[in-house]
Number of protein chains: 2
Amino acid sequence: MSDTSNQDAVHLIIQQVISAWDAQNKQVTGFFDKYDDEAYLQPVAAGRNRAVYLLGHLVAVSDGMLPIMGITESLYPELESIFLTSPDGAVAEIPSVSDLKRYWQEVNAKLSGAFQNMQPQDWLERHTRVSEEDFVKNRQRNKLNIVINRTNHTSYHMGQLNFFKAV
Amino acid sequence: MSDTSNQDAVHLIIQQVISAWDAQNKQVTGFFDKYDDEAYLQPVAAGRNRAVYLLGHLVAVSDGMLPIMGITESLYPELESIFLTSPDGAVAEIPSVSDLKRYWQEVNAKLSGAFQNMQPQDWLERHTRVSEEDFVKNRQRNKLNIVINRTNHTSYHMGQLNFFKAV
């Protein structure tokens with residue numbers, strides 16, 4: 001392909017990756033707008049995580065993308081010990097569904113804003129959790145890969161959330 | 001970026017999308033290699049799809065990618081009415097777990113082989129389910145998008161498969 005068409009191709013493909021990310025987030029947002037907040041205190045299937053825990057988990061993962069992608073510090077670092085390193089039920093006091101829904105919007109808006117300002121070369125830079133040495137060995141460990149992988153992570157839990165039956 | 005680096009970038013990003021696809025498929029393969037075949041005749045959660053149905057569903061979706069991506073006809077078109085257009089339980093006689101596992105390998109090998117031979121411009125062509133007219137309006141409806149979306153689809157069901165408890 002010519003220079004211009006290669007440049008267009010890079011831009012187009014990055015936009016496709018971002019579109020897929022946005023689409024998955026929209027599914028999550030839609031799911032948590034379906035019922036009253038208290039409904040989400042129930043597990044998604046017998047003996048499995050509560051919907052509220054999965055929401056907190058998704059917020060914590062997205063929030064963790066901010067430093068990994070070199071955008072800013074996490075907005076809600078306190079979520080990590082509740083929703084990433086502890087299983088559901090281990091921490092007695094967790095944020096409310098309403099607070100988590102607000103964090104979800106806030107963190108996603110922060111990410112989206114930053115994504116819009118990133119140039120193609122920024123996407124292909126190493127993310128902050130990989131060393132320069134390891135990055136030279138595998139250039140796939142770039143910022144775009146974080147979004148590709150986290151989109152799949154959201155889909156994974158969306159499949160579980162769709163098992164939820166409001167009582 | 002320079003011509004060469006744009007060209008490298010396109011190649012790299014396409015490889016990342018394929019790597020994510022391969023990684024998800026590997027998860028599915030690993031899951032269905034964990035237990036004896038008959039274990040997968042159980043639902044993944046109370047009142048939900050049987051694991052064997054989800055396997056058939058994933059095979060049918062991957063098989064459907066062959067014509068959508070213009071590679072070849074579907075290898076197992078008979079799976080569509082069992083695993084795509086009918087819910088679990090609607091069709092009494094379905095292929096065995098062992099047959100479906102074989103189809104899964106075969107269809108994925110066919111896709112992988114074709115992916116290796118595709119050039120960047122091939123990935124950005126319209127897929128066969130979108131008209132030329134609609135494609136002009138939205139160039140994201142290309143072959144690469146099929147892989148991005150189907151990878152998320154696999155993750156979605158992988159989340160559900162991981163709820164499965166062998167009895």
# chains A, B, ... in the order shown; residues from 1 in each chain; ligands from 1
>>> interface_residues(of="chain B", to="chain A", cutoff="10 Å", atoms="only C-alpha atoms", output="PyMOL selection string")
chain B and resi 1-17+19-21+24+44-48+119-121+123-124+139-142+144-145+148-149+151-163
>>> select_by_dssp(residues="range 18-86 of chain B", states="alpha helix (DSSP H)", output="PyMOL selection string")
chain B and resi 18-31+51-68+79-83
>>> atom_distance(atom1="CA of Phe31 in chain B", atom2="CA of Trp104 in chain B")
12.6 Å
>>> residues_around(residues="Tyr40 in chain A", least_positions_apart="6", cutoff="9 Å", atoms="only C-alpha atoms", output="MDAnalysis selection string")
chainID A and resid 32 50:53 97 164 166
>>> atom_distance(atom1="CA of Lys101 in chain A", atom2="CA of Gly70 in chain A")
23.8 Å
>>> residues_around(residues="Glu106 in chain A", least_positions_apart="4", cutoff="10 Å", atoms="only C-alpha atoms", output="ChimeraX atom specification")
/A:59,63,75,100-102,110-112
>>> write_last_selection(atoms="N, CA and C atoms", output="compact mmCIF listing (two decimals), in the first residue's frame")
# COMPACT_ATOMS: atom_id res chain seq x y z
N VAL A 59 -14.68 -1.62 37.04
CA VAL A 59 -14.22 -0.24 37.28
C VAL A 59 -12.74 -0.26 37.66
N ASP A 63 -9.84 1.54 35.71
CA ASP A 63 -9.10 2.57 36.45
C ASP A 63 -7.59 2.26 36.41
N LEU A 75 -7.79 6.88 39.47
CA LEU A 75 -8.69 7.82 40.16
C LEU A 75 -9.19 7.21 41.48
N LEU A 100 -20.35 3.19 42.34
CA LEU A 100 -19.57 2.46 41.33
C LEU A 100 -19.99 2.85 39.91
N LYS A 101 -21.29 3.06 39.73
CA LYS A 101 -21.77 3.48 38.40
C LYS A 101 -21.20 4.86 38.04
N ARG A 102 -21.08 5.73 39.03
CA ARG A 102 -20.50 7.05 38.80
C ARG A 102 -19.01 6.91 38.47
N LYS A 110 -12.48 9.53 31.22
CA LYS A 110 -11.05 9.89 31.29
C LYS A 110 -10.26 9.11 30.23
N LEU A 111 -10.54 7.81 30.13
CA LEU A 111 -9.85 6.99 29.12
C LEU A 111 -10.20 7.45 27.71
N SER A 112 -11.49 7.63 27.44
CA SER A 112 -11.92 8.03 26.09
C SER A 112 -11.29 9.35 25.67
>>> residues_around(residues="range 86-91 of chain B", least_positions_apart="4", cutoff="6 Å", atoms="only C-alpha atoms", output="PyMOL selection string")
chain B and resi 49+81-82
>>> atom_distance(atom1="CA of Arg126 in chain A", atom2="CA of Lys143 in chain A")
6.1 Å
>>> closest_residue(among="B:Ile146, B:Thr29, B:Ala92, B:Gly56", to="Pro77 in chain B", atoms="only C-alpha atoms")
B:Gly56
>>> residues_around(residues="Asn108 in chain B", least_positions_apart="5", cutoff="10 Å", atoms="only C-alpha atoms", output="number ranges by chain")
B: 22, 25, 59, 62-63, 65-66, 103, 113-114
>>> write_last_selection(atoms="N, CA and C atoms", output="mmCIF file, in the first residue's frame")
data_model
loop_
_atom_site.group_PDB
_atom_site.id
_atom_site.type_symbol
_atom_site.label_atom_id
_atom_site.label_comp_id
_atom_site.auth_asym_id
_atom_site.auth_seq_id
_atom_site.Cartn_x
_atom_site.Cartn_y
_atom_site.Cartn_z
ATOM 1 N N ASP B 22 -6.234 -15.967 18.689
ATOM 2 C CA ASP B 22 -5.614 -17.259 18.999
ATOM 3 C C ASP B 22 -5.668 -17.554 20.503
ATOM 4 N N ASN B 25 -9.140 -18.633 21.591
ATOM 5 C CA ASN B 25 -9.434 -19.994 21.116
ATOM 6 C C ASN B 25 -8.709 -21.033 21.965
ATOM 7 N N VAL B 59 -18.132 -23.288 17.558
ATOM 8 C CA VAL B 59 -17.698 -23.895 16.282
ATOM 9 C C VAL B 59 -18.510 -23.297 15.133
ATOM 10 N N SER B 62 -17.379 -19.748 14.357
ATOM 11 C CA SER B 62 -16.087 -19.734 13.650
ATOM 12 C C SER B 62 -16.237 -20.266 12.231
ATOM 13 N N ASP B 63 -17.035 -21.321 12.088
ATOM 14 C CA ASP B 63 -17.264 -21.893 10.758
ATOM 15 C C ASP B 63 -17.932 -20.857 9.843
ATOM 16 N N MET B 65 -17.423 -17.804 9.890
ATOM 17 C CA MET B 65 -16.449 -16.773 9.498
ATOM 18 C C MET B 65 -15.804 -17.102 8.152
ATOM 19 N N LEU B 66 -15.742 -18.387 7.808
ATOM 20 C CA LEU B 66 -15.085 -18.779 6.549
ATOM 21 C C LEU B 66 -15.740 -18.096 5.349
ATOM 22 N N TYR B 103 -14.173 -30.689 14.984
ATOM 23 C CA TYR B 103 -14.583 -29.597 14.084
ATOM 24 C C TYR B 103 -13.916 -28.285 14.506
ATOM 25 N N GLY B 113 -4.761 -20.677 8.821
ATOM 26 C CA GLY B 113 -3.999 -20.805 7.572
ATOM 27 C C GLY B 113 -4.312 -19.652 6.628
ATOM 28 N N ALA B 114 -5.586 -19.324 6.506
ATOM 29 C CA ALA B 114 -5.985 -18.226 5.615
ATOM 30 C C ALA B 114 -5.467 -16.890 6.147
#
>>> select_by_dssp(residues="range 12-163 of chain B", states="strand (DSSP E or B)", output="PyMOL selection string")
chain B and resi 43+50+126+142
>>> closest_residue(among="B:Asp134, B:Asp33, B:Glu38, B:Glu125", to="Ser96 in chain B", atoms="only C-alpha atoms")
B:Glu38
